[in-house]
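Trainee: So that you have it, the file is query_6.pdb, and it contains PDB, C-alpha atoms and all ligand atoms:
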```
ATOM      1  CA  MET S   1      22.398 -48.661 -47.650  1.00  0.00           C
ATOM      2  CA  PRO S   2      24.421 -45.613 -48.675  1.00  0.00           C
ATOM      3  CA  THR S   3      25.360 -45.416 -52.330  1.00  0.00           C
ATOM      4  CA  MET S   4      28.301 -43.268 -53.329  1.00  0.00           C
ATOM      5  CA  ALA S   5      29.563 -42.144 -56.708  1.00  0.00           C
ATOM      6  CA  CYS S   6      33.273 -42.051 -57.391  1.00  0.00           C
ATOM      7  CA  ILE S   7      34.383 -38.696 -55.940  1.00  0.00           C
ATOM      8  CA  ASP S   8      36.754 -38.085 -58.841  1.00  0.00           C
ATOM      9  CA  CYS S   9      34.677 -38.931 -61.923  1.00  0.00           C
ATOM     10  CA  GLY S  10      31.197 -39.942 -60.763  1.00  0.00           C
ATOM     11  CA  ALA S  11      31.106 -42.777 -63.307  1.00  0.00           C
ATOM     12  CA  VAL S  12      31.031 -45.585 -60.750  1.00  0.00           C
ATOM     13  CA  HIS S  13      28.517 -46.099 -57.980  1.00  0.00           C
ATOM     14  CA  VAL S  14      29.252 -48.302 -55.005  1.00  0.00           C
ATOM     15  CA  GLU S  15      26.857 -49.411 -52.297  1.00  0.00           C
ATOM     16  CA  ALA S  16      28.270 -50.261 -48.870  1.00  0.00           C
ATOM     17  CA  ALA S  17      27.134 -50.150 -45.274  1.00  0.00           C
ATOM     18  CA  SER S  18      30.343 -48.727 -43.842  1.00  0.00           C
ATOM     19  CA  TRP S  19      33.009 -46.336 -45.068  1.00  0.00           C
ATOM     20  CA  GLN S  20      35.608 -49.096 -44.746  1.00  0.00           C
ATOM     21  CA  THR S  21      33.682 -51.384 -47.090  1.00  0.00           C
ATOM     22  CA  MET S  22      33.040 -48.448 -49.399  1.00  0.00           C
ATOM     23  CA  LEU S  23      36.758 -47.676 -49.545  1.00  0.00           C
ATOM     24  CA  VAL S  24      37.705 -51.296 -50.270  1.00  0.00           C
ATOM     25  CA  SER S  25      35.008 -51.566 -52.956  1.00  0.00           C
ATOM     26  CA  MET S  26      36.108 -48.313 -54.569  1.00  0.00           C
ATOM     27  CA  MET S  27      39.810 -49.167 -54.741  1.00  0.00           C
ATOM     28  CA  PRO S  28      39.750 -51.432 -57.862  1.00  0.00           C
ATOM     29  CA  HIS S  29      38.180 -48.555 -59.780  1.00  0.00           C
ATOM     30  CA  TYR S  30      40.936 -46.234 -58.529  1.00  0.00           C
ATOM     31  CA  PHE S  31      43.647 -48.670 -59.537  1.00  0.00           C
ATOM     32  CA  ASP S  32      42.069 -48.842 -63.005  1.00  0.00           C
ATOM     33  CA  VAL S  33      41.162 -45.246 -63.711  1.00  0.00           C
ATOM     34  CA  HIS S  34      42.675 -42.921 -61.119  1.00  0.00           C
ATOM     35  CA  HIS S  35      46.008 -44.534 -60.584  1.00  0.00           C
ATOM     36  CA  ASP S  36      47.712 -41.136 -60.319  1.00  0.00           C
ATOM     37  CA  ILE S  37      45.558 -40.239 -57.315  1.00  0.00           C
ATOM     38  CA  ILE S  38      46.601 -43.223 -55.250  1.00  0.00           C
ATOM     39  CA  ALA S  39      50.105 -43.617 -56.656  1.00  0.00           C
ATOM     40  CA  GLY S  40      52.567 -43.536 -53.792  1.00  0.00           C
ATOM     41  CA  HIS S  41      49.748 -44.274 -51.354  1.00  0.00           C
ATOM     42  CA  ARG S  42      49.352 -47.917 -52.166  1.00  0.00           C
ATOM     43  CA  ASP S  43      47.528 -49.086 -49.073  1.00  0.00           C
ATOM     44  CA  HIS S  44      46.399 -45.715 -47.954  1.00  0.00           C
ATOM     45  CA  PRO S  45      45.191 -42.811 -50.096  1.00  0.00           C
ATOM     46  CA  SER S  46      46.442 -39.358 -49.121  1.00  0.00           C
ATOM     47  CA  GLY S  47      44.938 -37.487 -46.195  1.00  0.00           C
ATOM     48  CA  ALA S  48      43.349 -34.856 -48.417  1.00  0.00           C
ATOM     49  CA  TRP S  49      41.684 -37.530 -50.531  1.00  0.00           C
ATOM     50  CA  MET S  50      40.422 -39.309 -47.404  1.00  0.00           C
ATOM     51  CA  GLU S  51      38.856 -36.069 -46.216  1.00  0.00           C
ATOM     52  CA  ARG S  52      36.959 -35.737 -49.501  1.00  0.00           C
ATOM     53  CA  PHE S  53      36.012 -39.414 -49.344  1.00  0.00           C
ATOM     54  CA  MET S  54      34.675 -39.173 -45.788  1.00  0.00           C
ATOM     55  CA  ALA S  55      32.699 -36.015 -46.614  1.00  0.00           C
ATOM     56  CA  ALA S  56      31.109 -37.774 -49.595  1.00  0.00           C
ATOM     57  CA  PHE S  57      30.363 -40.839 -47.485  1.00  0.00           C
ATOM     58  CA  ASP S  58      28.702 -38.718 -44.775  1.00  0.00           C
ATOM     59  CA  GLU S  59      26.549 -37.149 -47.456  1.00  0.00           C
ATOM     60  CA  ALA S  60      25.613 -40.578 -48.821  1.00  0.00           C
ATOM     61  CA  MET S  61      24.726 -41.725 -45.294  1.00  0.00           C
ATOM     62  CA  ASN S  62      22.485 -38.714 -44.737  1.00  0.00           C
ATOM     63  CA  SER S  63      20.660 -39.062 -48.043  1.00  0.00           C
ATOM     64  CA  SER S  64      20.086 -42.797 -47.538  1.00  0.00           C
ATOM     65  CA  GLU S  65      18.063 -42.221 -44.368  1.00  0.00           C
TER      66      GLU S  65
HETATM   67 ZN    ZN J   1      36.312 -42.503 -60.827  1.00  0.00          ZN
END
```
Represent the supplied structure as structure tokens.
Mentor:
Amino acid sequence: MPTMACIDCGAVHVEAASWQTMLVSMMPHYFDVHHDIIAGHRDHPSGAWMERFMAAFDEAMNSSE
């Protein structure tokens, strides 16, 4: 299963089979530590952040194979 570090600090690692689950599992950490990043995007992080997230998830997928 892909494991991904927090793309903004690397301090938290989350394991999830899909990017959706990864995103949901990562959100509590963002509410705690990176509130500024998701502020104003309560249910939906910004597009630029999602691009970084998806790139990191793709990388995690590739290295888990
Ligand atoms: Zn973090």
Trainee: Quick one: which residues end up in the PyMOL selection byres (((not hetatm)) within 8 of (chain J and resi 1)) for this structure, as JSON, numbers by chain?
Mentor: {"S": [5, 6, 7, 8, 9, 10, 11, 12, 29, 30, 33, 34]}
Trainee: Which residue gives the smallest distance to Met27 in chain S among S:Pro2, S:Ala39, S:Ser63, S:Glu51, with all atoms listed in the file counted?
Mentor: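 Answer, going by the shortest atom-to-atom distance: S:Ala39.
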Trainee: Please enumerate the residues selected by the PyMOL selection byres (((chain S and resi 61) around 10) and not hetatm) when evaluated against the supplied file, formatted as a list in words.
Mentor: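 On this input, the PyMOL selection byres (((chain S and resi 61) around 10) and not hetatm) captures Met1, Pro2, Thr3, Met4, Ala16, Ala17, Ser18, Trp19, Ala55, Ala56, Phe57, Asp58, Glu59, Ala60, Asn62, Ser63, Ser64 and Glu65 of chain S.
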Trainee: Just checking: using only C-alpha atoms, which residue out of S:Pro28, S:Glu15, S:Asp36, S:Leu23 ends up closest to Arg52 in chain S?
Mentor: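 When distances to Arg52 in chain S are compared using only C-alpha atoms, the smallest one comes from S:Leu23.
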Trainee: By how many Å are CA of Ser25 in chain S and CA of His13 in chain S apart?
Mentor: 9.9 Å
